[in-house]
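Heads up, upload_4.tsv below (TSV, C-alpha atoms):
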chain	number	residue	atom	x	y	z
V	244	MET	CA	-169.58	-119.19	35.50
V	245	HIS	CA	-171.60	-122.40	35.26
V	246	ALA	CA	-173.92	-121.33	32.43
V	247	VAL	CA	-173.21	-122.28	28.84
V	248	ASN	CA	-171.11	-119.49	27.48
V	249	SER	CA	-168.80	-118.90	24.63
V	250	SER	CA	-166.37	-116.51	26.27
V	251	GLN	CA	-163.59	-119.12	26.21
V	252	TRP	CA	-163.49	-118.80	22.40
V	253	LEU	CA	-163.15	-115.05	22.25
V	254	GLN	CA	-160.02	-113.41	21.00
V	255	PRO	CA	-159.16	-109.76	20.33
V	256	ALA	CA	-160.17	-108.33	16.96
V	257	PHE	CA	-158.84	-105.08	15.52
V	258	ASN	CA	-156.21	-103.32	17.63
V	259	ASP	CA	-157.70	-99.94	16.87
V	260	PRO	CA	-161.36	-100.62	16.06
V	261	VAL	CA	-162.01	-97.37	14.21
V	262	LEU	CA	-158.81	-96.91	12.24
V	263	ASP	CA	-158.32	-100.57	11.38
V	264	ALA	CA	-161.94	-100.97	10.25
V	265	GLN	CA	-161.63	-97.89	8.06
V	266	THR	CA	-158.34	-99.07	6.56
V	267	SER	CA	-159.77	-102.51	5.87
V	268	PHE	CA	-162.94	-101.08	4.35
V	269	ARG	CA	-160.83	-98.82	2.16
V	270	SER	CA	-158.81	-101.80	0.93
V	271	ALA	CA	-162.03	-103.63	0.11
V	272	LEU	CA	-163.37	-100.62	-1.81
V	273	LYS	CA	-160.12	-100.37	-3.76
V	274	ALA	CA	-160.31	-104.08	-4.51
V	275	LEU	CA	-163.73	-103.57	-6.10
V	276	ALA	CA	-162.68	-100.36	-7.84
V	277	GLU	CA	-159.73	-102.08	-9.50
V	278	PRO	CA	-160.87	-105.65	-10.07
V	279	GLY	CA	-158.11	-108.19	-10.19
V	280	LEU	CA	-155.48	-106.13	-8.39
V	281	ALA	CA	-154.51	-107.61	-5.00
V	282	GLN	CA	-154.90	-105.16	-2.13
V	283	PRO	CA	-153.21	-105.53	1.28
V	284	LEU	CA	-155.52	-106.41	4.15
V	285	ASN	CA	-153.42	-107.15	7.20
V	286	ARG	CA	-155.07	-105.38	10.13
V	287	ALA	CA	-156.52	-108.49	11.76
V	288	LEU	CA	-155.00	-111.72	13.04
V	289	ALA	CA	-156.03	-115.11	11.77
V	290	LEU	CA	-159.03	-116.60	13.54
V	291	GLU	CA	-158.85	-120.39	13.53
V	292	ASN	CA	-158.94	-121.29	9.82
V	293	LEU	CA	-159.94	-117.80	8.72
V	294	HIS	CA	-157.00	-116.00	7.16
V	295	PRO	CA	-156.21	-112.46	8.35
V	296	ALA	CA	-157.66	-110.91	5.19
V	297	THR	CA	-160.89	-112.90	5.44
V	298	TYR	CA	-161.35	-112.04	9.09
V	299	ALA	CA	-160.61	-108.37	8.40
V	300	LEU	CA	-163.31	-108.35	5.70
V	301	CYS	CA	-165.77	-109.84	8.20
V	302	LEU	CA	-164.87	-107.29	10.87
V	303	ALA	CA	-165.15	-104.39	8.43
V	304	PHE	CA	-168.39	-105.46	6.72
V	305	LEU	CA	-170.58	-107.26	9.21
V	306	ASP	CA	-172.86	-105.82	11.83
V	307	GLY	CA	-176.33	-106.40	13.26
V	308	ASP	CA	-177.99	-105.59	9.93
V	309	THR	CA	-176.10	-108.10	7.80
V	310	PRO	CA	-177.22	-111.73	8.01
V	311	LEU	CA	-174.30	-114.03	7.25
V	312	TRP	CA	-174.24	-117.53	5.78
V	313	LEU	CA	-171.28	-119.63	6.91
V	314	ALA	CA	-169.80	-122.45	4.85
V	315	PRO	CA	-169.61	-125.68	6.91
V	316	ARG	CA	-165.83	-125.41	7.04
V	317	PHE	CA	-166.08	-122.07	8.84
V	318	ASP	CA	-169.04	-123.01	11.02
V	319	THR	CA	-167.02	-123.61	14.19
V	320	PRO	CA	-167.76	-122.52	17.76
V	321	ALA	CA	-164.79	-120.13	17.77
V	322	ILE	CA	-165.73	-118.40	14.53
V	323	ARG	CA	-169.39	-118.19	15.53
V	324	ALA	CA	-168.52	-116.79	18.96
V	325	ASN	CA	-166.11	-114.18	17.65
V	326	LEU	CA	-168.38	-113.01	14.83
V	327	ALA	CA	-171.30	-112.76	17.24
V	328	PHE	CA	-169.17	-110.86	19.76
V	329	HIS	CA	-167.23	-108.49	17.54
V	330	CYS	CA	-169.68	-108.01	14.64
V	331	GLY	CA	-173.02	-108.89	16.20
V	332	CYS	CA	-174.20	-110.30	12.87
V	333	PRO	CA	-177.02	-112.86	12.75
V	334	ILE	CA	-175.87	-116.18	11.27
V	335	VAL	CA	-178.54	-117.68	9.05
V	336	ALA	CA	-179.00	-121.24	7.83
V	337	GLU	CA	-180.84	-120.27	4.63
V	338	ARG	CA	-178.66	-118.94	1.83
V	339	GLU	CA	-181.56	-116.87	0.44
V	340	LEU	CA	-181.63	-114.66	3.55
V	341	ALA	CA	-177.92	-113.87	3.65
V	342	LEU	CA	-176.49	-110.48	2.70
V	343	PHE	CA	-172.98	-111.85	3.07
V	344	ALA	CA	-171.66	-115.37	2.66
V	345	LEU	CA	-168.36	-116.73	3.88
V	346	LEU	CA	-167.24	-119.46	1.50
V	347	ASP	CA	-164.29	-121.69	0.78
V	348	GLU	CA	-163.40	-123.06	-2.63
V	349	SER	CA	-165.42	-126.24	-2.17
V	350	GLU	CA	-168.65	-124.18	-2.08
V	351	LEU	CA	-168.14	-122.47	-5.42
V	352	THR	CA	-169.83	-125.03	-7.63
V	353	ASP	CA	-173.34	-124.01	-6.55
V	354	LEU	CA	-174.23	-120.35	-6.09
V	355	SER	CA	-177.86	-120.73	-7.11
V	356	ASP	CA	-179.47	-119.92	-3.76
V	357	PHE	CA	-177.70	-116.67	-2.98
V	358	ASP	CA	-179.75	-113.51	-3.49
V	359	ASN	CA	-178.56	-111.59	-6.56
V	360	GLY	CA	-180.75	-108.56	-5.86
V	361	SER	CA	-183.77	-107.27	-7.69
V	362	GLU	CA	-184.17	-104.99	-10.68
V	363	ARG	CA	-185.23	-102.22	-8.34
V	364	TYR	CA	-182.65	-102.88	-5.60
V	365	PRO	CA	-179.67	-104.62	-7.20
V	366	ASP	CA	-177.56	-103.39	-4.27
V	367	GLN	CA	-179.35	-105.75	-1.91
V	368	SER	CA	-177.65	-108.78	-3.39
V	369	CYS	CA	-175.52	-111.15	-1.37
V	370	THR	CA	-171.80	-110.39	-1.32
V	371	LEU	CA	-169.57	-113.46	-1.38
V	372	LEU	CA	-166.45	-113.50	0.79
V	373	ILE	CA	-164.41	-116.36	-0.59
V	374	GLN	CA	-161.29	-117.64	1.09
V	375	LEU	CA	-158.71	-119.29	-1.14
V	376	ASP	CA	-155.34	-120.81	-0.34
V	377	ALA	CA	-153.65	-118.42	-2.76
V	378	LEU	CA	-154.60	-115.67	-5.16
V	379	SER	CA	-152.41	-116.86	-8.01
V	380	ASN	CA	-151.26	-119.99	-9.84
V	381	GLY	CA	-154.63	-120.65	-11.41
V	382	ASP	CA	-155.52	-120.43	-15.08
V	383	ALA	CA	-154.80	-116.97	-16.43
V	384	LEU	CA	-158.08	-115.32	-17.37
V	385	ARG	CA	-158.53	-111.91	-18.94
V	386	TRP	CA	-160.77	-109.51	-17.06
V	387	ARG	CA	-162.33	-106.45	-18.68
V	388	GLY	CA	-164.74	-103.82	-17.48
V	389	PRO	CA	-164.99	-100.74	-15.27
V	390	GLY	CA	-161.80	-100.13	-13.28
V	391	ILE	CA	-159.61	-102.01	-15.74
V	392	LYS	CA	-157.73	-100.28	-18.52
V	393	ASP	CA	-157.97	-102.58	-21.54
V	394	VAL	CA	-157.48	-106.04	-20.10
V	395	ARG	CA	-156.05	-107.48	-16.91
V	396	SER	CA	-154.77	-111.01	-16.61
V	397	VAL	CA	-155.76	-112.64	-13.31
V	398	GLU	CA	-154.74	-116.09	-12.17
V	399	LEU	CA	-157.21	-116.97	-9.45
V	400	PRO	CA	-157.24	-120.73	-8.75
V	401	LEU	CA	-160.97	-121.27	-9.27
V	402	PRO	CA	-162.94	-124.21	-10.68
V	403	ALA	CA	-164.55	-123.68	-14.08
V	404	ALA	CA	-167.91	-124.36	-12.43
V	405	PHE	CA	-167.57	-121.09	-10.51
V	406	TRP	CA	-167.46	-119.05	-13.71
V	407	GLN	CA	-170.51	-120.87	-15.07
V	408	GLN	CA	-172.37	-120.25	-11.81
V	409	ARG	CA	-171.39	-116.60	-11.81
V	410	GLN	CA	-172.64	-116.16	-15.33
V	411	ALA	CA	-175.86	-117.99	-14.53
V	412	ARG	CA	-176.58	-115.59	-11.65
V	413	SER	CA	-175.62	-112.50	-13.60
V	414	ALA	CA	-178.31	-110.36	-15.25
V	415	PHE	CA	-177.00	-106.83	-14.94
V	416	PRO	CA	-177.78	-104.85	-12.82
V	417	ARG	CA	-178.45	-108.00	-10.81
V	418	GLY	CA	-175.54	-110.21	-9.92
V	419	LEU	CA	-173.11	-111.35	-7.24
V	420	ASP	CA	-170.08	-109.36	-6.07
V	421	CYS	CA	-167.15	-111.41	-4.83
V	422	PHE	CA	-164.09	-110.86	-2.70
V	423	PHE	CA	-161.28	-113.41	-2.85
V	424	ALA	CA	-159.10	-113.40	0.24
V	425	ALA	CA	-155.93	-115.32	0.98
V	426	GLY	CA	-153.30	-114.63	3.60
V	427	GLU	CA	-153.19	-110.86	3.94
V	428	GLN	CA	-154.47	-109.93	0.49
V	429	VAL	CA	-157.81	-109.48	-1.20
V	430	ILE	CA	-158.96	-109.34	-4.81
V	431	GLY	CA	-162.36	-107.93	-5.76
V	432	LEU	CA	-164.61	-109.19	-8.54
V	433	PRO	CA	-167.67	-106.95	-8.98
V	434	ARG	CA	-170.62	-108.05	-11.11
V	435	SER	CA	-169.65	-105.48	-13.73
V	436	THR	CA	-166.41	-107.24	-14.64
V	437	ARG	CA	-166.48	-109.40	-17.74
V	438	VAL	CA	-164.23	-112.43	-17.65
V	439	LEU	CA	-162.86	-113.81	-20.89
V	440	LEU	CA	-161.89	-117.46	-20.90
V	441	THR	CA	-158.88	-117.25	-23.23
V	442	THR	CA	-160.76	-117.09	-26.53
V	443	GLU	CA	-164.47	-116.97	-25.88
V	444	GLU	CA	-166.28	-114.46	-23.71
V	445	VAL	CA	-168.03	-116.09	-20.81
V	446	ALA	CA	-169.34	-113.42	-18.50
O	268	MET	CA	-177.50	-101.73	47.23
O	269	ASN	CA	-180.40	-99.44	47.70
O	270	ARG	CA	-183.98	-100.58	47.78
O	271	GLU	CA	-185.17	-98.65	44.74
O	272	ILE	CA	-182.67	-100.31	42.45
O	273	GLU	CA	-183.44	-103.76	43.77
O	274	GLN	CA	-187.11	-103.19	43.15
O	275	GLY	CA	-186.53	-101.75	39.72
O	276	SER	CA	-184.43	-104.65	38.44
O	277	PRO	CA	-185.23	-107.88	40.22
O	278	LEU	CA	-182.24	-110.14	40.70
O	279	HIS	CA	-182.06	-113.44	38.84
O	280	PRO	CA	-183.54	-116.46	40.67
O	281	ASP	CA	-180.27	-118.38	40.17
O	282	PRO	CA	-178.14	-117.41	43.22
O	283	GLN	CA	-174.87	-117.52	41.25
O	284	ILE	CA	-176.18	-115.16	38.61
O	285	ALA	CA	-177.79	-112.97	41.26
O	286	ALA	CA	-174.44	-112.71	43.07
O	287	ARG	CA	-172.76	-111.67	39.84
O	288	GLN	CA	-175.50	-109.15	39.14
O	289	ARG	CA	-174.90	-107.67	42.55
O	290	TRP	CA	-171.14	-107.29	42.20
O	291	MET	CA	-171.44	-105.96	38.65
O	292	GLY	CA	-173.89	-103.36	39.96
O	293	VAL	CA	-171.54	-102.37	42.76
O	294	LEU	CA	-168.61	-102.17	40.31
O	295	ALA	CA	-170.63	-100.09	37.86
O	296	ARG	CA	-171.50	-97.59	40.57
O	297	ALA	CA	-168.00	-97.52	42.07
O	298	GLY	CA	-166.73	-94.73	39.81
O	299	SER	CA	-163.27	-93.52	40.80
O	300	GLY	CA	-163.45	-95.73	43.91
O	301	LEU	CA	-161.97	-98.58	41.88
O	302	ALA	CA	-158.76	-96.68	41.20
O	303	ALA	CA	-157.52	-97.51	44.71
O	304	TYR	CA	-157.52	-101.22	43.77
O	305	GLU	CA	-155.79	-100.77	40.42
O	306	SER	CA	-152.45	-102.33	41.34
O	307	ALA	CA	-154.13	-105.34	42.98
O	308	LEU	CA	-156.45	-105.91	40.03
O	309	LYS	CA	-153.62	-105.67	37.52
O	310	GLU	CA	-151.26	-108.01	39.39
O	311	THR	CA	-151.98	-110.95	37.10
O	312	ASP	CA	-151.42	-110.84	33.36
O	313	TYR	CA	-154.46	-110.12	31.28
O	314	GLN	CA	-155.47	-109.55	27.69
O	315	LEU	CA	-157.98	-107.06	26.33
O	316	ILE	CA	-160.59	-108.93	24.29
O	317	ARG	CA	-162.50	-105.71	23.73
O	318	ALA	CA	-160.46	-102.66	24.65
O	319	PRO	CA	-162.40	-100.10	26.70
O	320	GLU	CA	-164.66	-98.16	24.35
O	321	ILE	CA	-167.26	-95.45	24.71
O	322	GLY	CA	-170.64	-95.61	23.04
O	323	MET	CA	-174.22	-94.49	23.27
O	324	CYS	CA	-177.06	-96.44	24.78
O	325	LEU	CA	-180.76	-95.75	24.36
O	326	VAL	CA	-182.62	-95.46	27.65
O	327	ARG	CA	-186.28	-96.42	27.58
O	328	GLY	CA	-188.84	-95.27	30.08
O	329	ARG	CA	-192.37	-96.30	30.96
O	330	MET	CA	-194.98	-93.67	31.61
O	331	GLY	CA	-196.21	-93.89	35.17
O	332	GLY	CA	-194.55	-97.24	35.71
O	333	THR	CA	-197.30	-99.13	33.85
O	334	GLY	CA	-197.80	-97.19	30.60
O	335	SER	CA	-196.35	-98.04	27.24
O	336	PRO	CA	-192.58	-97.70	26.87
O	337	PHE	CA	-191.02	-94.69	25.17
O	338	ASN	CA	-187.52	-93.59	24.34
O	339	LEU	CA	-186.35	-91.37	27.16
O	340	GLY	CA	-183.00	-90.38	25.70
O	341	GLU	CA	-179.46	-91.54	25.16
O	342	MET	CA	-176.64	-91.87	27.63
O	343	SER	CA	-172.96	-92.57	27.20
O	344	VAL	CA	-171.78	-96.01	28.26
O	345	SER	CA	-168.29	-97.48	28.46
O	346	ARG	CA	-167.67	-101.18	28.11
O	347	CYS	CA	-164.73	-103.52	28.24
O	348	VAL	CA	-163.96	-107.25	28.13
O	349	VAL	CA	-160.75	-108.74	29.50
O	350	ARG	CA	-159.36	-112.24	29.79
O	351	LEU	CA	-157.00	-113.25	32.59
O	352	ALA	CA	-154.07	-115.54	31.97
O	353	ASP	CA	-156.04	-118.51	33.33
O	354	GLY	CA	-158.86	-118.01	30.83
O	355	ARG	CA	-161.48	-116.30	32.98
O	356	THR	CA	-163.33	-113.57	31.09
O	357	GLY	CA	-164.61	-110.43	32.76
O	358	TYR	CA	-167.18	-108.03	31.34
O	359	SER	CA	-168.18	-104.52	32.29
O	360	TYR	CA	-170.76	-101.98	31.20
O	361	VAL	CA	-170.60	-98.72	33.14
O	362	ALA	CA	-172.36	-95.41	32.71
O	363	GLY	CA	-170.23	-92.50	31.62
O	364	ARG	CA	-167.05	-92.03	29.63
O	365	ASP	CA	-164.44	-93.41	32.02
O	366	LYS	CA	-162.40	-96.06	30.19
O	367	GLN	CA	-160.20	-96.69	33.22
O	368	HIS	CA	-163.30	-97.47	35.29
O	369	ALA	CA	-164.61	-99.86	32.61
O	370	GLU	CA	-161.31	-101.73	32.42
O	371	LEU	CA	-160.95	-102.07	36.19
O	372	ALA	CA	-164.57	-103.19	36.56
O	373	ALA	CA	-164.05	-105.87	33.89
O	374	LEU	CA	-160.87	-107.03	35.64
O	375	ALA	CA	-162.71	-107.20	38.94
O	376	ASP	CA	-165.52	-109.22	37.33
O	377	ALA	CA	-162.96	-111.70	35.99
O	378	HIS	CA	-161.26	-112.06	39.37
O	379	LEU	CA	-164.60	-112.52	41.12
O	380	GLN	CA	-165.44	-115.55	38.97
O	381	GLY	CA	-162.41	-117.53	40.13
O	382	GLY	CA	-161.53	-119.60	43.14
O	383	ASP	CA	-160.52	-116.54	45.16
O	384	GLN	CA	-164.02	-115.11	44.90
O	385	ALA	CA	-164.47	-114.82	48.68
O	386	HIS	CA	-161.22	-112.86	48.96
O	387	TRP	CA	-162.27	-110.35	46.31
O	388	LEU	CA	-165.79	-110.08	47.69
O	389	SER	CA	-164.55	-109.16	51.14
O	390	ARG	CA	-161.70	-106.99	49.96
O	391	LEU	CA	-163.31	-105.15	47.07
O	392	ILE	CA	-167.07	-105.50	46.82
O	393	GLU	CA	-168.11	-105.23	50.47
O	394	PRO	CA	-166.16	-102.00	51.16
O	395	LEU	CA	-167.46	-100.42	47.94
O	396	ALA	CA	-171.01	-101.55	48.70
O	397	ALA	CA	-170.73	-100.10	52.22
O	398	VAL	CA	-169.56	-96.77	50.84
O	399	GLN	CA	-172.38	-96.71	48.30
O	400	GLN	CA	-174.90	-97.65	50.98
O	401	ALA	CA	-173.65	-94.85	53.24
O	402	GLN	CA	-173.84	-92.32	50.41
O	403	GLN	CA	-177.35	-93.49	49.58
O	404	THR	CA	-178.48	-93.22	53.21
O	405	ALA	CA	-176.95	-89.78	53.58
O	406	LYS	CA	-178.64	-88.57	50.43
O	407	ALA	CA	-181.97	-90.07	51.48
O	408	ALA	CA	-181.68	-88.37	54.88
O	409	GLU	CA	-180.83	-85.06	53.26
O	410	THR	CA	-183.78	-85.37	50.89
O	411	ALA	CA	-186.11	-86.39	53.69
O	412	THR	CA	-185.62	-83.04	55.46
O	413	THR	CA	-187.14	-81.26	52.45
O	414	GLN	CA	-190.23	-83.43	52.37
O	415	VAL	CA	-193.54	-81.52	52.54
O	416	GLU	CA	-196.83	-83.19	53.42
O	417	PHE	CA	-199.75	-81.86	51.42
O	418	PHE	CA	-203.38	-82.32	52.35
O	419	THR	CA	-206.61	-80.91	50.98
O	420	LEU	CA	-209.13	-79.14	53.14
O	421	VAL	CA	-212.77	-79.99	52.73
O	422	ARG	CA	-214.25	-76.89	51.17
O	423	GLY	CA	-217.75	-77.44	52.48
O	424	GLU	CA	-219.62	-76.45	49.34
O	425	ASP	CA	-222.22	-79.19	49.29

For this file, write the structure as structure tokens.
Amino acid sequence: MHAVNSSQWLQPAFNDPVLDAQTSFRSALKALAEPGLAQPLNRALALENLHPATYALCLAFLDGDTPLWLAPRFDTPAIRANLAFHCGCPIVAERELALFALLDESELTDLSDFDNGSERYPDQSCTLLIQLDALSNGDALRWRGPGIKDVRSVELPLPAAFWQQRQARSAFPRGLDCFFAAGEQVIGLPRSTRVLLTTEEVA
Amino acid sequence: MNREIEQGSPLHPDPQIAARQRWMGVLARAGSGLAAYESALKETDYQLIRAPEIGMCLVRGRMGGTGSPFNLGEMSVSRCVVRLADGRTGYSYVAGRDKQHAELAALADAHLQGGDQAHWLSRLIEPLAAVQQAQQTAKAAETATTQVEFFTLVRGED
């Protein structure tokens, strides 16, 4: 009607809301359980410049209890309208208040304001959903830690500043958990994973 | 529309919104009455933005009409959102677990927002409203026959 409304931006989300959300959530859990292994995440369609995997993570994770911080690149009317409609999540302007953050690679050089939890409630940290163009072809780094037998080589195309920021925000059990999504795949990086930069141990 | 409902939920001052409130109310109360219009409503292509789904809704009450609110209980609600080929979006929230009803009501809401609003109003909403009005009147008449007037006698004890 005549009132300002956002219904023109809406598009369908999951085909089968229950089954697709469960499948996507399961993929995300597996991604965290086996850090560095790409998991399929293809139950959603792309939404504007959100890849299918990124949008599926949003649909599976976000609801009215999860304030979200949007990177400027994703802060478009269509993405706002669809997240508000299908997830009902509040979108916050302050990084400190966010339980989830939707980032692109240009935002990875400063993670200082995201909540990394408290000693008593480390689980209340902000989870970073990071969309990349690809999940490979970066520098090969060796990941160790829970969920990895010995060492796993992962080639995420990430700036060195990201690893410094991650280490700076990491004080186990506090820390930031990350999901890297591209196309229809996701890789998890929990705070418990130690990343070795070729020779020296960084985080 | 019956008087009680109009009193209970005042219509919006904006006439366009009030008109939409009215037809959404009629559609929500139409129940299986909408099934007769199914083929007409589905003539144009449409897309399900939110497929019909069933959920729970908390109903709040107010003691004595003026007291503080309390949670009365939960009821099942079906909702649906559709988009027609020309971009109009229709919404529906209906009581009960009838997905077909929710989808048809959303379709009707979308059609009613377009240029052929008058056509749909006269063809769909007015007949349904008349039926609902007749049912309401019949029920009120039936109830009225059971009405008992009480009065208290002066006991004369002073």

Using all atoms listed in the file, find each residue of chain V with at least one atom at most 8 Å away from an atom of chain O; report its shortest atom-to-atom pair and that distance in Å (one decimal), sort the rows by chain and rising residue number, and return the result as JSON lines.
{"residue": "V:Met244", "atom": "CA", "partner": "O:Gln380", "partner_atom": "CA", "distance": 6.5}
{"residue": "V:Ser250", "atom": "CA", "partner": "O:Thr356", "partner_atom": "CA", "distance": 6.4}
{"residue": "V:Gln251", "atom": "CA", "partner": "O:Gly354", "partner_atom": "CA", "distance": 6.7}
{"residue": "V:Leu253", "atom": "CA", "partner": "O:Ile316", "partner_atom": "CA", "distance": 6.9}
{"residue": "V:Gln254", "atom": "CA", "partner": "O:Ile316", "partner_atom": "CA", "distance": 5.6}
{"residue": "V:Pro255", "atom": "CA", "partner": "O:Ile316", "partner_atom": "CA", "distance": 4.3}
{"residue": "V:Ala256", "atom": "CA", "partner": "O:Ile316", "partner_atom": "CA", "distance": 7.4}

Report as a ChimeraX atom specification all protein, DNA and RNA residues lying within 8 Å of range 431-441 of chain V, evaluated on only C-alpha atoms, omitting residues in the same chain fewer than 6 positions from it. /V:271,274-281,383-389,413,415,417-423

Next, dump the selected residues to file, keeping only C-alpha atoms, as an mmCIF file, keeping the file's coordinate frame.
data_model
loop_
_atom_site.group_PDB
_atom_site.id
_atom_site.type_symbol
_atom_site.label_atom_id
_atom_site.label_comp_id
_atom_site.auth_asym_id
_atom_site.auth_seq_id
_atom_site.Cartn_x
_atom_site.Cartn_y
_atom_site.Cartn_z
ATOM 1 C CA ALA V 271 -162.030 -103.630 0.110
ATOM 2 C CA ALA V 274 -160.310 -104.080 -4.510
ATOM 3 C CA LEU V 275 -163.730 -103.570 -6.100
ATOM 4 C CA ALA V 276 -162.680 -100.360 -7.840
ATOM 5 C CA GLU V 277 -159.730 -102.080 -9.500
ATOM 6 C CA PRO V 278 -160.870 -105.650 -10.070
ATOM 7 C CA GLY V 279 -158.110 -108.190 -10.190
ATOM 8 C CA LEU V 280 -155.480 -106.130 -8.390
ATOM 9 C CA ALA V 281 -154.510 -107.610 -5.000
ATOM 10 C CA ALA V 383 -154.800 -116.970 -16.430
ATOM 11 C CA LEU V 384 -158.080 -115.320 -17.370
ATOM 12 C CA ARG V 385 -158.530 -111.910 -18.940
ATOM 13 C CA TRP V 386 -160.770 -109.510 -17.060
ATOM 14 C CA ARG V 387 -162.330 -106.450 -18.680
ATOM 15 C CA GLY V 388 -164.740 -103.820 -17.480
ATOM 16 C CA PRO V 389 -164.990 -100.740 -15.270
ATOM 17 C CA SER V 413 -175.620 -112.500 -13.600
ATOM 18 C CA PHE V 415 -177.000 -106.830 -14.940
ATOM 19 C CA ARG V 417 -178.450 -108.000 -10.810
ATOM 20 C CA GLY V 418 -175.540 -110.210 -9.920
ATOM 21 C CA LEU V 419 -173.110 -111.350 -7.240
ATOM 22 C CA ASP V 420 -170.080 -109.360 -6.070
ATOM 23 C CA CYS V 421 -167.150 -111.410 -4.830
ATOM 24 C CA PHE V 422 -164.090 -110.860 -2.700
ATOM 25 C CA PHE V 423 -161.280 -113.410 -2.850
#

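Near Ser349 in chain V, within 12 Å and counting only C-alpha atoms, sit Ala314, Pro315, Arg316, Phe317, Leu345, Leu346, Asp347, Leu351, Thr352, Asp353, Leu354, Ile373, Gln374, Leu375, Asp376, Pro400, Leu401, Pro402, Ala404 and Phe405 of chain V, not including residues fewer than 2 positions from it in the same chain.
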
Next, dump the selected residues to file, keeping only C-alpha atoms, as a PDB file, keeping the file's coordinate frame.
ATOM      1  CA  ALA V 314    -169.800-122.450   4.850  1.00  0.00           C
ATOM      2  CA  PRO V 315    -169.610-125.680   6.910  1.00  0.00           C
ATOM      3  CA  ARG V 316    -165.830-125.410   7.040  1.00  0.00           C
ATOM      4  CA  PHE V 317    -166.080-122.070   8.840  1.00  0.00           C
ATOM      5  CA  LEU V 345    -168.360-116.730   3.880  1.00  0.00           C
ATOM      6  CA  LEU V 346    -167.240-119.460   1.500  1.00  0.00           C
ATOM      7  CA  ASP V 347    -164.290-121.690   0.780  1.00  0.00           C
ATOM      8  CA  LEU V 351    -168.140-122.470  -5.420  1.00  0.00           C
ATOM      9  CA  THR V 352    -169.830-125.030  -7.630  1.00  0.00           C
ATOM     10  CA  ASP V 353    -173.340-124.010  -6.550  1.00  0.00           C
ATOM     11  CA  LEU V 354    -174.230-120.350  -6.090  1.00  0.00           C
ATOM     12  CA  ILE V 373    -164.410-116.360  -0.590  1.00  0.00           C
ATOM     13  CA  GLN V 374    -161.290-117.640   1.090  1.00  0.00           C
ATOM     14  CA  LEU V 375    -158.710-119.290  -1.140  1.00  0.00           C
ATOM     15  CA  ASP V 376    -155.340-120.810  -0.340  1.00  0.00           C
ATOM     16  CA  PRO V 400    -157.240-120.730  -8.750  1.00  0.00           C
ATOM     17  CA  LEU V 401    -160.970-121.270  -9.270  1.00  0.00           C
ATOM     18  CA  PRO V 402    -162.940-124.210 -10.680  1.00  0.00           C
ATOM     19  CA  ALA V 404    -167.910-124.360 -12.430  1.00  0.00           C
ATOM     20  CA  PHE V 405    -167.570-121.090 -10.510  1.00  0.00           C
TER      21      PHE V 405
END

Correct to one decimal, the distance CA of Arg395 in chain V-CA of Phe268 in chain V is 23.2 Å

Inset, instruction - Just give me the gap between CA of Leu340 in chain V and CA of Pro310 in chain V in Å, one decimal is fine. - result: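 Answer for the CA of Leu340 in chain V to CA of Pro310 in chain V separation: 6.9 Å.
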
Between CA of Ala375 in chain O and CA of Trp387 in chain O lies a distance of 8.0 Å

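Of the residues listed (V:Ser249, V:Thr370, V:Thr266, V:Gln282), V:Ser249 shows the shortest atom-to-atom separation from Ala327 in chain V; distances use only C-alpha atoms.
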
Practice item. Excluding Leu301 in chain O and any residue of its chain fewer than 5 positions from it, enumerate the residues within 12 Å of it, using only C-alpha atoms, and give them as a PyMOL selection string. Key: chain O and resi 293-296+306-309+365-375+390-392+394-396+398

*From V:Gly381, V:Pro283, V:Gly360, V:Gly426, residue lying nearest Glu398 in chain V [all atoms listed in the file]*: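 Closest residue, counting all atoms listed in the file: V:Gly381.
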